[in-house]
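> Sharing start.csv (CSV, C-alpha atoms) below.
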```
chain,number,residue,atom,x,y,z
V,294,MET,CA,-17.1,154.6,87.5
V,295,SER,CA,-15.9,155.0,91.1
V,296,ALA,CA,-15.8,152.1,93.5
V,297,ASN,CA,-18.4,153.8,95.6
V,298,ALA,CA,-20.8,153.8,92.7
V,299,ALA,CA,-19.9,150.3,91.8
V,300,THR,CA,-20.6,149.1,95.3
V,301,SER,CA,-23.9,151.0,95.4
V,302,ASP,CA,-24.9,149.5,92.1
V,303,GLU,CA,-24.4,146.0,93.5
V,304,VAL,CA,-26.5,146.9,96.5
V,305,LEU,CA,-29.2,148.3,94.3
V,306,ILE,CA,-29.2,145.0,92.3
V,307,GLY,CA,-29.6,143.1,95.5
V,308,ARG,CA,-32.6,145.2,96.4
V,309,ILE,CA,-34.1,144.9,92.9
V,310,ALA,CA,-33.7,141.1,93.2
V,311,ASN,CA,-36.1,141.4,96.1
V,312,GLY,CA,-38.6,143.4,94.2
V,313,ASP,CA,-37.6,146.9,95.4
V,314,ARG,CA,-39.2,149.2,92.8
V,315,LEU,CA,-37.5,152.3,94.2
V,316,ALA,CA,-34.1,150.7,93.8
V,317,MET,CA,-35.0,150.1,90.2
V,318,GLN,CA,-35.8,153.8,89.8
V,319,VAL,CA,-32.5,154.7,91.2
V,320,LEU,CA,-30.6,152.4,89.0
V,321,PHE,CA,-32.5,153.6,86.0
V,322,ALA,CA,-31.9,157.2,86.8
V,323,ARG,CA,-28.2,156.5,87.2
V,324,HIS,CA,-27.6,154.6,84.0
V,325,HIS,CA,-30.4,155.1,81.5
V,326,VAL,CA,-28.8,158.1,79.6
V,327,ARG,CA,-25.5,156.3,78.9
V,328,VAL,CA,-27.3,153.1,78.0
V,329,PHE,CA,-29.6,155.1,75.7
V,330,ARG,CA,-26.7,156.8,74.0
V,331,PHE,CA,-24.9,153.5,73.5
V,332,VAL,CA,-28.1,152.0,71.9
V,333,VAL,CA,-29.0,155.0,69.8
V,334,ARG,CA,-25.5,155.0,68.3
V,335,LEU,CA,-26.1,151.4,67.3
V,336,VAL,CA,-29.6,151.5,66.0
V,337,ARG,CA,-29.6,155.2,64.9
V,338,ASN,CA,-33.2,155.8,65.9
V,339,GLU,CA,-34.2,157.5,69.1
V,340,ALA,CA,-37.7,156.0,69.3
V,341,THR,CA,-36.3,152.5,68.9
V,342,ALA,CA,-33.5,153.2,71.4
V,343,GLU,CA,-36.2,154.4,74.0
V,344,ASP,CA,-38.1,151.2,73.5
V,345,LEU,CA,-34.9,149.2,73.9
V,346,ILE,CA,-33.7,150.8,77.1
V,347,SER,CA,-37.0,150.0,78.8
V,348,GLU,CA,-36.5,146.4,77.7
V,349,VAL,CA,-32.9,146.4,78.9
V,350,PHE,CA,-34.0,147.5,82.4
V,351,LEU,CA,-36.9,145.1,82.4
V,352,ASP,CA,-34.3,142.4,81.9
V,353,VAL,CA,-32.4,143.8,84.9
V,354,TRP,CA,-35.6,143.6,86.9
V,355,ARG,CA,-36.2,140.0,85.9
V,356,GLN,CA,-32.5,138.8,86.1
V,357,ALA,CA,-31.2,140.8,89.1
V,358,GLY,CA,-31.3,137.7,91.3
V,359,LYS,CA,-28.9,136.0,88.9
V,360,PHE,CA,-26.4,138.8,88.8
V,361,GLU,CA,-23.1,137.3,90.1
V,362,GLY,CA,-21.0,140.4,90.2
V,363,ARG,CA,-18.5,139.1,87.6
V,364,SER,CA,-18.4,142.5,86.1
V,365,ALA,CA,-19.5,146.0,87.0
V,366,VAL,CA,-23.2,146.6,86.8
V,367,SER,CA,-22.7,149.3,84.0
V,368,THR,CA,-20.8,146.7,82.0
V,369,TRP,CA,-23.6,144.2,82.5
V,370,LEU,CA,-26.2,146.8,81.3
V,371,LEU,CA,-24.2,147.6,78.2
V,372,ALA,CA,-23.9,143.9,77.4
V,373,ILE,CA,-27.7,143.5,77.7
V,374,ALA,CA,-28.2,146.6,75.6
V,375,ARG,CA,-25.9,145.5,72.9
V,376,PHE,CA,-27.7,142.2,72.6
V,377,LYS,CA,-31.1,143.9,72.3
V,378,ALA,CA,-29.8,146.4,69.8
V,379,LEU,CA,-28.2,143.8,67.6
V,380,SER,CA,-31.4,141.7,67.7
V,381,THR,CA,-33.4,144.7,66.6
V,382,LEU,CA,-30.9,145.4,63.8
V,383,ARG,CA,-31.1,141.9,62.6
V,384,ARG,CA,-34.9,142.3,62.2
V,385,LYS,CA,-34.6,145.5,60.1
V,386,PRO,CA,-34.5,145.2,56.3
V,387,GLU,CA,-31.0,145.5,54.9
V,388,HIS,CA,-31.8,148.3,52.6
V,389,GLU,CA,-33.1,150.4,55.5
V,390,LEU,CA,-29.7,150.0,57.2
V,391,ASP,CA,-27.8,150.9,54.1
V,392,GLU,CA,-29.8,154.1,53.7
V,393,GLU,CA,-29.1,155.0,57.3
V,394,THR,CA,-25.4,154.4,56.9
V,395,ALA,CA,-25.4,156.6,53.8
V,396,GLU,CA,-27.3,159.3,55.6
V,397,ALA,CA,-24.6,159.3,58.3
V,398,ILE,CA,-22.0,160.5,55.9
V,399,GLU,CA,-24.1,163.1,54.3
V,400,ASP,CA,-23.1,166.1,52.3
V,401,ASN,CA,-20.2,164.5,50.5
V,402,SER,CA,-20.8,166.6,47.4
V,403,ASP,CA,-18.3,169.3,48.3
V,404,THR,CA,-14.7,169.0,47.2
V,405,PRO,CA,-12.3,168.3,50.0
V,406,ASP,CA,-11.0,171.9,49.9
V,407,VAL,CA,-14.5,173.4,50.2
V,408,THR,CA,-15.3,171.0,53.0
V,409,LEU,CA,-12.2,172.2,54.9
V,410,GLU,CA,-13.3,175.7,54.4
V,411,LYS,CA,-16.8,175.1,55.6
V,412,LYS,CA,-16.2,172.8,58.5
V,413,ASP,CA,-13.6,172.7,61.2
V,414,LYS,CA,-11.7,169.6,62.0
V,415,SER,CA,-13.7,168.8,65.0
V,416,ASP,CA,-16.9,168.7,63.0
V,417,ALA,CA,-15.3,166.5,60.5
V,418,ILE,CA,-14.1,164.0,63.1
V,419,ARG,CA,-17.5,163.8,64.6
V,420,LYS,CA,-19.1,163.3,61.3
V,421,CYS,CA,-16.7,160.6,60.3
V,422,LEU,CA,-17.2,158.9,63.7
V,423,SER,CA,-20.9,158.7,62.8
V,424,GLY,CA,-20.0,157.3,59.5
V,425,LEU,CA,-18.2,154.3,60.9
V,426,SER,CA,-19.8,150.8,60.7
V,427,ALA,CA,-21.8,149.7,63.7
V,428,GLU,CA,-19.0,147.4,64.7
V,429,HIS,CA,-16.5,150.2,64.7
V,430,ARG,CA,-18.8,152.8,66.3
V,431,GLU,CA,-19.5,150.3,69.1
V,432,ILE,CA,-15.9,149.8,70.0
V,433,ILE,CA,-15.0,153.5,69.7
V,434,ASP,CA,-17.9,154.4,72.0
V,435,LEU,CA,-17.1,151.6,74.5
V,436,VAL,CA,-13.5,152.7,74.8
V,437,TYR,CA,-13.7,156.5,74.5
V,438,TYR,CA,-17.1,157.3,76.0
V,439,HIS,CA,-18.1,154.4,78.2
V,440,GLU,CA,-14.5,154.1,79.6
V,441,LYS,CA,-14.4,150.4,79.3
V,442,SER,CA,-11.1,148.5,79.7
V,443,VAL,CA,-9.8,146.0,77.2
V,444,GLU,CA,-11.2,143.2,79.4
V,445,GLU,CA,-14.6,144.8,79.8
V,446,VAL,CA,-15.0,145.4,76.1
V,447,ALA,CA,-14.1,141.8,75.5
V,448,GLY,CA,-16.8,140.8,78.0
V,449,ILE,CA,-19.5,143.0,76.4
V,450,VAL,CA,-18.7,142.3,72.8
V,451,GLY,CA,-17.8,138.6,73.4
V,452,ILE,CA,-14.5,138.6,71.6
V,453,PRO,CA,-10.9,137.9,72.8
V,454,GLU,CA,-8.9,140.8,74.3
V,455,ALA,CA,-6.4,140.7,71.5
V,456,THR,CA,-9.3,141.1,69.0
V,457,VAL,CA,-10.6,144.1,71.0
V,458,LYS,CA,-7.2,145.8,70.5
V,459,THR,CA,-7.0,145.1,66.8
V,460,ARG,CA,-10.6,146.0,66.2
V,461,MET,CA,-10.1,149.3,67.9
V,462,PHE,CA,-7.0,149.9,65.7
V,463,TYR,CA,-8.9,149.1,62.5
V,464,ALA,CA,-11.8,151.3,63.6
V,465,ARG,CA,-9.3,154.2,64.1
V,466,LYS,CA,-7.7,153.3,60.7
V,467,LYS,CA,-11.1,153.5,59.0
V,468,LEU,CA,-11.7,156.8,60.7
V,469,ALA,CA,-8.5,158.1,59.3
V,470,GLU,CA,-9.6,157.0,55.8
V,471,LEU,CA,-12.9,158.7,56.1
V,472,LEU,CA,-11.2,161.9,57.3
V,473,LYS,CA,-8.8,161.6,54.3
V,474,ALA,CA,-11.8,161.5,52.0
V,475,GLN,CA,-13.0,164.7,53.7
V,476,GLY,CA,-9.7,166.3,52.9
V,477,ILE,CA,-8.0,165.8,56.3
V,478,GLU,CA,-4.8,163.8,56.1
V,479,ARG,CA,-3.9,162.5,59.6
V,480,GLY,CA,-1.5,159.8,58.5
V,481,TRP,CA,-1.1,156.5,60.2
V,482,PRO,CA,-3.7,156.3,62.9
E,186,MET,CA,-2.3,156.2,52.4
E,187,ASN,CA,1.0,157.2,50.8
E,188,ALA,CA,1.8,159.6,53.6
E,189,MET,CA,1.6,156.8,56.1
E,190,LYS,CA,4.9,155.5,57.3
E,191,LYS,CA,3.8,151.9,57.9
E,192,PRO,CA,2.3,149.5,55.4
E,193,THR,CA,-1.5,149.4,55.8
E,194,ASP,CA,-1.6,145.7,56.6
E,195,GLU,CA,0.9,146.0,59.4
E,196,LEU,CA,-0.4,146.1,63.0
E,197,PRO,CA,1.4,148.4,65.4
E,198,ASN,CA,3.1,147.0,68.5
E,199,ASP,CA,1.1,146.4,71.7
E,200,VAL,CA,2.0,149.7,73.3
E,201,GLU,CA,0.6,151.6,70.3
E,202,LEU,CA,-2.5,149.5,70.3
E,203,LEU,CA,-3.1,150.5,74.0
E,204,LEU,CA,-3.0,154.3,73.3
E,205,PRO,CA,-6.8,154.6,73.2
E,206,TRP,CA,-7.1,153.0,76.6
E,207,HIS,CA,-4.3,155.1,77.9
E,208,ALA,CA,-6.0,158.3,76.7
E,209,ALA,CA,-9.3,157.1,78.4
E,210,GLY,CA,-7.5,156.3,81.6
E,211,THR,CA,-8.6,152.7,81.7
E,212,LEU,CA,-5.2,150.9,81.7
E,213,ASN,CA,-3.8,149.3,84.8
E,214,ARG,CA,-0.9,151.0,86.4
E,215,ARG,CA,1.7,148.8,84.8
E,216,ASP,CA,0.5,149.1,81.3
E,217,ALA,CA,0.0,152.9,81.8
E,218,ALA,CA,3.7,153.2,82.9
E,219,ARG,CA,4.8,151.2,79.8
E,220,VAL,CA,2.9,153.5,77.5
E,221,GLU,CA,4.2,156.6,79.3
E,222,GLN,CA,7.7,155.4,78.9
E,223,ALA,CA,7.2,154.7,75.2
E,224,LEU,CA,5.7,158.1,74.7
E,225,ALA,CA,8.6,159.8,76.4
E,226,ASN,CA,11.1,158.1,74.1
E,227,ASP,CA,9.2,158.3,70.7
E,228,ASN,CA,8.1,161.6,69.3
E,229,GLU,CA,6.3,160.0,66.4
E,230,LEU,CA,4.3,157.8,68.9
E,231,ALA,CA,3.6,161.0,70.9
E,232,ALA,CA,2.2,162.6,67.8
E,233,ARG,CA,-0.1,159.7,67.2
E,234,TYR,CA,-1.2,159.8,70.8
E,235,GLU,CA,-2.3,163.4,70.3
E,236,ARG,CA,-4.5,162.2,67.5
E,237,VAL,CA,-6.0,159.6,69.8
E,238,ARG,CA,-6.7,162.3,72.4
E,239,GLU,CA,-8.4,164.3,69.7
E,240,GLU,CA,-10.6,161.4,68.7
E,241,LEU,CA,-11.4,160.8,72.4
E,242,GLY,CA,-12.6,164.3,72.9
E,243,GLU,CA,-14.7,164.3,69.8
E,244,ALA,CA,-16.2,160.9,70.6
E,245,ILE,CA,-17.3,162.3,74.0
E,246,ARG,CA,-18.7,165.4,72.4
E,247,LEU,CA,-20.6,163.4,69.9
E,248,ASN,CA,-22.1,161.1,72.5
E,249,GLU,CA,-23.0,164.0,74.8
E,250,SER,CA,-24.8,165.6,71.9
E,251,LEU,CA,-27.1,162.7,71.6
E,252,GLY,CA,-29.4,163.9,74.4
E,253,ALA,CA,-31.4,161.7,76.7
E,254,PRO,CA,-34.5,159.6,76.3
E,255,SER,CA,-37.9,161.0,77.1
E,256,ALA,CA,-40.0,160.2,80.2
E,257,ARG,CA,-41.8,157.7,78.0
E,258,ALA,CA,-38.9,155.2,78.4
E,259,MET,CA,-39.3,155.2,82.2
E,260,GLU,CA,-43.1,155.1,82.1
E,261,SER,CA,-43.0,152.2,79.7
E,262,LEU,CA,-40.5,150.3,81.9
E,263,PHE,CA,-42.6,150.7,85.1
E,264,ALA,CA,-45.8,149.8,83.4
E,265,LYS,CA,-44.1,146.6,82.3
E,266,ILE,CA,-42.7,146.0,85.8
E,267,ASP,CA,-46.2,146.6,87.3
E,268,ALA,CA,-47.5,143.9,85.0
E,269,GLU,CA,-44.9,141.4,86.2
E,270,PRO,CA,-46.0,138.8,88.8
E,271,ALA,CA,-45.1,139.7,92.4
E,272,ARG,CA,-41.9,138.0,93.5
E,273,GLN,CA,-40.9,136.4,96.8
E,274,PRO,CA,-37.7,137.9,98.4
E,275,LYS,CA,-34.8,135.5,98.3
E,276,SER,CA,-33.6,135.2,101.8
E,277,SER,CA,-30.0,134.2,101.1
E,278,PHE,CA,-29.4,137.0,98.6
E,279,ASN,CA,-31.2,139.4,100.8
E,280,LEU,CA,-28.9,138.5,103.7
E,281,ALA,CA,-25.8,139.0,101.6
E,282,ALA,CA,-27.1,142.3,100.1
E,283,ARG,CA,-28.0,143.7,103.5
E,284,PHE,CA,-24.6,142.6,104.9
E,285,ALA,CA,-22.8,144.3,102.0
E,286,GLU,CA,-25.0,147.4,102.3
E,287,TRP,CA,-24.4,147.7,106.0
E,288,LEU,CA,-20.6,147.4,105.6
E,289,ALA,CA,-20.5,149.8,102.7
E,290,GLY,CA,-22.3,152.4,105.0
E,291,LEU,CA,-19.7,152.1,107.8
E,292,THR,CA,-17.6,155.2,108.0
E,293,PRO,CA,-13.9,155.2,109.1
E,294,ARG,CA,-15.0,157.1,112.3
E,295,THR,CA,-17.5,154.4,113.1
E,296,LEU,CA,-15.0,151.7,112.6
E,297,ALA,CA,-12.3,153.4,114.5
E,298,TYR,CA,-14.5,153.9,117.5
E,299,GLY,CA,-12.9,151.1,119.4
E,300,ALA,CA,-10.9,147.9,119.3
E,301,THR,CA,-14.0,145.8,119.3
E,302,ALA,CA,-15.4,147.6,116.3
E,303,ALA,CA,-12.1,147.2,114.5
E,304,ALA,CA,-11.9,143.5,115.2
E,305,LEU,CA,-15.5,143.1,114.1
E,306,ALA,CA,-14.8,145.0,110.9
E,307,ILE,CA,-12.0,142.5,110.0
E,308,VAL,CA,-14.4,139.6,110.5
E,309,LEU,CA,-17.1,141.3,108.5
E,310,GLN,CA,-14.7,142.4,105.8
E,311,ALA,CA,-13.6,138.8,105.5
E,312,GLY,CA,-17.1,137.6,104.9
E,313,VAL,CA,-18.0,140.4,102.5
E,314,LEU,CA,-14.7,140.2,100.6
E,315,THR,CA,-15.2,136.5,100.2
E,316,GLY,CA,-18.7,137.1,99.1
E,317,LEU,CA,-18.1,140.1,96.9
E,318,PHE,CA,-14.6,140.3,95.6
E,319,VAL,CA,-13.4,136.7,95.4
E,320,LYS,CA,-16.0,136.1,92.8
E,321,GLN,CA,-15.0,139.1,90.7
E,322,GLY,CA,-12.6,137.6,88.3
E,323,GLY,CA,-13.3,140.4,85.8
E,324,VAL,CA,-15.8,140.4,83.1
E,325,GLY,CA,-14.4,137.4,81.4
E,326,GLY,CA,-14.5,134.8,84.1
E,327,TYR,CA,-15.7,133.6,87.4
E,328,THR,CA,-12.9,132.5,89.7
E,329,THR,CA,-13.0,130.9,93.1
E,330,ALA,CA,-10.3,131.0,95.7
E,331,SER,CA,-9.4,127.3,95.2
E,332,MET,CA,-9.3,127.7,91.4
E,333,THR,CA,-7.2,130.7,91.4
E,334,GLN,CA,-4.7,129.5,94.0
E,335,SER,CA,-3.5,126.8,91.6
E,336,ALA,CA,-3.5,129.2,88.6
E,337,PRO,CA,-0.4,130.9,87.4
E,338,GLY,CA,0.2,134.5,88.1
E,339,ALA,CA,1.8,136.9,90.6
E,340,PHE,CA,0.5,137.3,94.1
E,341,VAL,CA,0.7,139.7,97.0
E,342,SER,CA,-0.3,139.2,100.6
E,343,VAL,CA,-2.0,142.2,102.2
E,344,ARG,CA,-3.8,143.2,105.4
E,345,PHE,CA,-6.4,145.8,105.0
E,346,LYS,CA,-6.6,148.6,107.6
E,347,PRO,CA,-9.6,148.1,109.9
E,348,GLN,CA,-11.0,151.5,109.1
E,349,ALA,CA,-11.0,150.8,105.4
E,350,SER,CA,-14.6,150.7,104.1
E,351,ALA,CA,-15.8,148.1,101.6
E,352,ALA,CA,-16.0,150.8,99.0
E,353,GLU,CA,-12.4,151.8,99.5
E,354,ILE,CA,-11.3,148.2,99.3
E,355,GLY,CA,-13.2,147.8,96.1
E,356,LYS,CA,-11.6,150.8,94.6
E,357,PHE,CA,-8.2,149.6,95.7
E,358,LEU,CA,-8.7,146.2,94.1
E,359,SER,CA,-10.1,147.9,90.9
E,360,ASP,CA,-7.2,150.4,90.7
E,361,ASN,CA,-4.6,147.7,91.1
E,362,LYS,CA,-6.5,145.2,88.9
E,363,ALA,CA,-6.2,142.8,91.8
E,364,ILE,CA,-8.4,139.9,92.7
E,365,VAL,CA,-8.8,138.4,96.2
E,366,VAL,CA,-8.0,134.7,95.8
E,367,ASP,CA,-7.6,133.6,99.4
E,368,GLY,CA,-8.1,134.8,103.0
E,369,PRO,CA,-8.4,135.9,105.6
E,370,VAL,CA,-5.7,133.8,107.2
E,371,ALA,CA,-6.8,133.0,110.7
E,372,GLY,CA,-5.2,135.2,113.3
E,373,SER,CA,-3.4,137.6,110.9
E,374,GLY,CA,-6.4,138.8,108.8
E,375,MET,CA,-4.2,138.6,105.7
E,376,PHE,CA,-5.6,138.3,102.2
E,377,LYS,CA,-3.9,136.8,99.2
E,378,LEU,CA,-4.3,138.9,96.0
E,379,ARG,CA,-3.6,138.0,92.4
E,380,VAL,CA,-2.0,141.1,90.9
E,381,SER,CA,-1.2,139.7,87.4
E,382,GLU,CA,-2.3,136.7,85.4
E,383,ARG,CA,1.3,136.2,84.3
E,384,GLY,CA,4.3,135.8,86.6
E,385,LEU,CA,6.2,139.0,87.3
E,386,SER,CA,9.9,139.4,87.8
E,387,GLU,CA,11.0,140.0,91.4
E,388,GLN,CA,11.7,143.6,90.6
E,389,ASP,CA,8.2,144.2,89.1
E,390,LEU,CA,6.5,142.4,92.0
E,391,ASP,CA,8.4,144.5,94.5
E,392,ALA,CA,7.2,147.6,92.6
E,393,VAL,CA,3.6,146.4,92.9
E,394,VAL,CA,4.1,145.8,96.7
E,395,LYS,CA,5.6,149.2,97.1
E,396,THR,CA,2.7,150.8,95.4
E,397,MET,CA,0.1,148.8,97.4
E,398,SER,CA,1.9,149.6,100.6
E,399,ALA,CA,1.5,153.3,99.9
E,400,SER,CA,-2.3,152.9,99.7
E,401,PRO,CA,-4.2,154.3,102.7
E,402,VAL,CA,-6.3,151.2,102.9
E,403,ILE,CA,-3.4,148.8,103.3
E,404,GLY,CA,-1.8,148.1,106.7
E,405,PHE,CA,0.8,145.6,105.4
E,406,ALA,CA,1.7,144.2,102.0
E,407,ALA,CA,4.3,141.6,101.0
E,408,ALA,CA,5.2,139.7,97.8
E,409,VAL,CA,4.2,136.0,97.7
E,410,HIS,CA,7.0,134.0,96.1
```
Mind turning the file's structure into structure tokens?

Amino acid sequence: MSANAATSDEVLIGRIANGDRLAMQVLFARHHVRVFRFVVRLVRNEATAEDLISEVFLDVWRQAGKFEGRSAVSTWLLAIARFKALSTLRRKPEHELDEETAEAIEDNSDTPDVTLEKKDKSDAIRKCLSGLSAEHREIIDLVYYHEKSVEEVAGIVGIPEATVKTRMFYARKKLAELLKAQGIERGWP
Amino acid sequence: MNAMKKPTDELPNDVELLLPWHAAGTLNRRDAARVEQALANDNELAARYERVREELGEAIRLNESLGAPSARAMESLFAKIDAEPARQPKSSFNLAARFAEWLAGLTPRTLAYGATAAALAIVLQAGVLTGLFVKQGGVGGYTTASMTQSAPGAFVSVRFKPQASAAEIGKFLSDNKAIVVDGPVAGSGMFKLRVSERGLSEQDLDAVVKTMSASPVIGFAAAVH
């Protein structure tokens, strides 16, 4: 995010702290799609993700006065969203999660050769990205899609920076293993 | 995993661990230079970097394919907000927010209008920088000037150009991963920035000063030894 946007976000938060509904609309319009995508990748359900983002922004409405500017507003939003998503996942029955994880890596009945013939490598990578665990999907998305630095990911996830780096490495290693199972050998990640 | 050249339980070196952030463009200048140098000297690493870039592209495509929430999300939010009790504006926060908002809106032309405006801008920047940036110790921590001054690290003293807007200064600090830890010094308008949490060699610190000096928002920069 540009410094201009970051500054404007802080200004918006200041207005929201004073009960400015329009500022809330602007902030929502600016960030809700990315927050939604972050959440939907974690909870794997669009309706649940929609419910959660309204809760995330309601928290922003309530907590704006306490925002201290320690991080970018977008980073703060993702941290709130992550907490909401994980709370929801903890409430879901375990078998439901397992089924969803299994669905994410669907169509494994083909042999690797057939798979290669049917799908191009890009499709396979995206499919395997969807098949990663929630922990690994989260870090991949934060780094690659949400453009968060090592420090910012550490702040959002609540782990040391060194762990951020190694978790990202193991997520990529797992991705390589899933791709290998699909017949795509990429070697050391 | 037979084709892999490293044992599976071995972690790569720090430069290789940083490849995803390098591909995403979120490394600071120093780490980015370190990675660039390693890539230039190691063909195998460069090949791995291409795989990282491939993943980056597909991760973006995957996320972009997720669509957007329906209007229901916004309707639900504002229905909840409308049900919230009315709140009283907080005058202190309001003042700071209005101050920051006003400064952010100043254009270079406005500020360059006259010497009075420039002098005023320095004073205002001092207040806003203290209010906005001194507190920004990154996601991980809240730092105050007094705390950071005694902390280890590498420091540079700078003077911002009067026509630099708050947004430009914010971008400069963000780009250089710098934190304002002190200032402005009375009379000179100088700010002390922490540019690294660890001490830097004289050569590295000089390189940082040179980079900062080239910024259009900086009037003067010098290493603090």
> Mind pulling up the distance from CA of Val336 in chain V to CA of Phe263 in chain E?
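Value for the CA of Phe263 in chain E-CA of Val336 in chain V distance: 23.1 Å.
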> Given the point (-11.3, 155.6, 72.2) in the coordinates of this file, which residues lie within 10 Å, counting only C-alpha atoms, and how would they look as a ChimeraX atom specification?
/V:430,432-441,461-462,464-465 /E:203-209,237-245
> List as a VMD selection string: which residues have an atom within 12 Å of (-41.2, 153.4, 80.2), counting only C-alpha atoms?
(chain V and resid 318 321 325 340 342 to 351) or (chain E and resid 254 to 267)
> Between V:Ala447, V:Leu468, V:Ile306, V:Ala417, which one has atoms that come closest to Leu320 in chain V, using all atoms listed in the file?
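When distances to Leu320 in chain V are compared using all atoms listed in the file, the smallest one comes from V:Ile306.
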> Kindly indicate which residue among V:Thr459, V:Ser426, V:Ser367, V:Ser380 lies nearest to chain E, using only C-alpha atoms for the distances.
V:Thr459
